[in-house]
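Trainee: Supplied in structure tokens, the structure appears directly below.
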Protein chains: 2
Amino acid sequence: MNTQLVDLDVDLDKETPISACPHEYHPHCNNCRLAGICLPFALEGKEIDELDNIIQRSKPLQKGQHLYREGDGFESVYAVRSGTLKAYQTTDDGREQVTGFYFPGEILGMDGIAKNSHASSARALETAAVCEIPFTSLEKLSAGMPHLQRHFFQLMSREIAEDQQLITLLSKSSADERVAALLLSISSRNARRKLSATQFRLSMSRVDIGNYLGLTVETVSRVFSRMQKMSILQVENKEIEILDLEALKEMADLR
Amino acid sequence: MNTQLVDLDVDLDKETPISACPHEYHPHCNNCRLAGICLPFALEGKEIDELDNIIQRSKPLQKGQHLYREGDGFESVYAVRSGTLKAYQTTDDGREQVTGFYFPGEILGMDGIAKNSHASSARALETAAVCEIPFTSLEKLSAGMPHLQRHFFQLMSREIAEDQQLITLLSKSSADERVAALLLSISSRNARRKLSATQFRLSMSRVDIGNYLGLTVETVSRVFSRMQKMSILQVENKEIEILDLEALKEMADLR
DNA sequence: AGCGCTTATTGACGCAAGTCAAAGAGCGCT
DNA sequence: AGCGCTCTTTGACTTGCGTCAATAAGCGCT
């Protein structure tokens, strides 16, 4: 019965290729409220239009649908416009490792540049919309726009630095610290989008959280319960309220 | 007495800034036997010369000396010419996380681009020489040389993909698997430089290995002993011989 | 509203790897 | 050659998290 689910999902992908919808919704970088997060400050009006021209929008991805799969030819990087996606790799024996969650304004797919094929898969955790940025166009545009070139070097560098943070987390921290760190990360990314830093809905399952943090579901669940008992969190299923941000920060720091 | 060691090391750095030696050794990309690893294939002779012009060589780093430190202003990325370096981050409470080892032909420092300051420190594990590549020059040059631009995007992307591999390793693997994976990584990187894939000297200590793999020294040591007992390895201090490459590969695969 | 699914919580138990401790090996110094 | 480091190995014990198992809670279906 597991197999059935997977097949279903594959069919879904085939039935609805993400760039073939007749009634596409076409927003523009110019009036995008996420531009501050995903574009370089220093870009001028005319430059933004040039960038806007190469970007392809497409109909939203449904929950569970793939944006790309490990091994797919690399064509584009993607900016999240709404919803959440997870990136993950599959090991030889079929197990999954979640390598990142991507929220609106964030960019994914950059790990595919090296080998010209995607090094990870990306799927929507809920209905999600993305801007597709064809990479060769981006390269050409970058060559003539120093700000843009710099911006993409910076984006990739940030991805490296963040992965290294995660490496440290996985290598040195207890279960409590890992969960605390993830919650704080989500909190600050929400704040950047002018959403509440203390109250939000987790778009990912406990399984995904555990997978990302190198923990089992049970452990994640236990940590949530413990934090609730300590009045640091209010957990109601996927709804999280951070009651004591300071305590959470203290918890996230390696002791 | 630990303090003394640290102070000594800082003094060393101050006394010998890496670009102020009167008798610098000046090799060129043109005749560098590592060019195949660190440069893009597609670069033409004239282009290589241009790149060569912006690269700064300096006197070798001594064992323990820093190439850069976390928080230092970001100026350049570095290609290793000889020796080995480790990159590491220091957590708030002073503990260290080794985020990578860098062998000849490999490039480090790219995590500094995002914030314009280095996100990690890099120090020599043995006497080492590096080529310093000033980043602003590299950016300018890239804008006019598509191959070079592409190459650096690829290098950064590869770093991302490799970090994600490490994330999976730390998140999902047993001590045996981690050590096996590191040995195989070193083995294949040696092979790429036409060195023996089965016999080599570990330039890093057991502490560094453990730190990198998220294990304690004791565990690393025990794994080596176990592998020796199983006739997979011949371990003699830092000298390693891989006796059974297949068995090692099997071990590295997640089971 | 009620069935069948997936997801989450909680408890009891076991084990891989960490901690503590001590001894031995390697290596730079004088 | 011998002292004083640091690095490595090995053993005995502890522990945090994984595993297994059972129950409960959510959610999309009809």
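By convention in this document, the chains of the structure tokens carry letters A, B, ... by their order, each chain's residues are numbered from 1, and ligands are numbered from 1 in the order they are shown.
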What are the closest atom pairs, with distances in Å to one decimal, for all residues of chain B lying within 8 Å of chain D? Consider only C-alpha atoms (C1' of nucleotides), order rows by chain and residue number, and present the result as a Markdown table.
Mentor:
```
| residue | atom | partner | partner_atom | distance |
| --- | --- | --- | --- | --- |
| B:Ser205 | CA | D:DC7 | C1' | 7.8 |
| B:Arg206 | CA | D:DT8 | C1' | 7.9 |
| B:Glu218 | CA | D:DT9 | C1' | 7.9 |
| B:Ser221 | CA | D:DT9 | C1' | 6.7 |
| B:Arg222 | CA | D:DT9 | C1' | 7.9 |
```
Trainee: With a cut-off of 9 Å and counting only C-alpha atoms, select all residues of chain A in contact with chain B and give the selection as a ChimeraX atom specification.
Mentor: /A:89,91-93,95-99,110-116,119-120,139-140,142-146,149-161,163-168,170-172,211-215,253-255
Trainee: Pull C-alpha atoms from the residues just selected and write them as a short mmCIF file (atom, residue, chain, number, x, y, z; two decimals), in the first residue's frame.
Mentor:
```
data_model
loop_
_atom_site.label_atom_id
_atom_site.label_comp_id
_atom_site.auth_asym_id
_atom_site.auth_seq_id
_atom_site.Cartn_x
_atom_site.Cartn_y
_atom_site.Cartn_z
CA GLN A 89 18.37 13.09 -0.72
CA THR A 91 20.51 7.04 0.19
CA ASP A 92 21.40 3.87 -1.64
CA ASP A 93 19.24 1.78 0.62
CA ARG A 95 16.29 6.01 3.23
CA GLU A 96 15.69 9.71 3.09
CA GLN A 97 17.68 12.62 4.45
CA VAL A 98 15.95 15.98 4.55
CA THR A 99 18.60 18.60 3.80
CA MET A 110 21.59 25.50 -6.36
CA ASP A 111 23.11 22.16 -5.50
CA GLY A 112 22.42 21.05 -9.08
CA ILE A 113 24.89 23.39 -10.73
CA ALA A 114 27.99 21.33 -10.00
CA LYS A 115 27.01 18.21 -11.91
CA ASN A 116 24.38 19.77 -14.10
CA ALA A 119 21.76 16.53 -6.20
CA SER A 120 18.55 16.42 -4.21
CA GLU A 139 24.39 33.36 -15.92
CA LYS A 140 24.29 35.56 -18.99
CA SER A 142 24.86 38.09 -14.28
CA ALA A 143 27.86 38.64 -16.51
CA GLY A 144 26.50 42.08 -17.36
CA MET A 145 25.10 42.91 -13.93
CA PRO A 146 27.75 42.87 -11.22
CA GLN A 149 26.43 38.17 -10.02
CA ARG A 150 27.51 39.10 -6.53
CA HIS A 151 24.05 38.34 -5.21
CA PHE A 152 24.11 34.80 -6.52
CA PHE A 153 27.58 34.17 -5.23
CA GLN A 154 26.28 35.37 -1.90
CA LEU A 155 23.19 33.20 -2.01
CA MET A 156 25.30 30.13 -2.66
CA SER A 157 27.77 31.10 -0.01
CA ARG A 158 24.94 31.51 2.45
CA GLU A 159 23.70 28.05 1.62
CA ILE A 160 27.18 26.71 2.36
CA ALA A 161 27.37 28.57 5.66
CA ASP A 163 24.75 23.75 5.80
CA GLN A 164 27.83 24.08 7.97
CA GLN A 165 25.64 25.30 10.81
CA LEU A 166 23.52 22.22 10.40
CA ILE A 167 26.63 20.04 10.36
CA THR A 168 27.67 21.50 13.69
CA LEU A 170 24.08 17.36 14.00
CA SER A 171 27.56 16.69 15.21
CA LYS A 172 27.54 18.35 18.59
CA ASN A 211 14.70 13.34 9.66
CA TYR A 212 16.15 16.80 9.16
CA LEU A 213 17.58 16.91 12.69
CA GLY A 214 18.86 13.36 12.74
CA LEU A 215 16.35 12.22 15.33
CA ASP A 253 23.17 27.28 22.65
CA LEU A 254 25.56 24.43 23.06
CA ARG A 255 26.19 23.99 26.74
#
```
Trainee: Kindly determine which residues of chain C lie within 10 Å of chain B, considering only C-alpha atoms (C1' of nucleotides), and give the answer as a list in words.
Mentor: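 Every residue meeting the condition is included here: DA16, DA17, DG18, DT19, DA25 and DG26 of chain C.
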Trainee: Enumerate as a PyMOL selection string all residues of segment 28-192 of chain B assigned to alpha helix (DSSP H) by DSSP on the backbone, naming them with the chain letters and numbers the document uses.
Mentor: chain B and resi 35-38+45-54+135-144+146-172+175-192
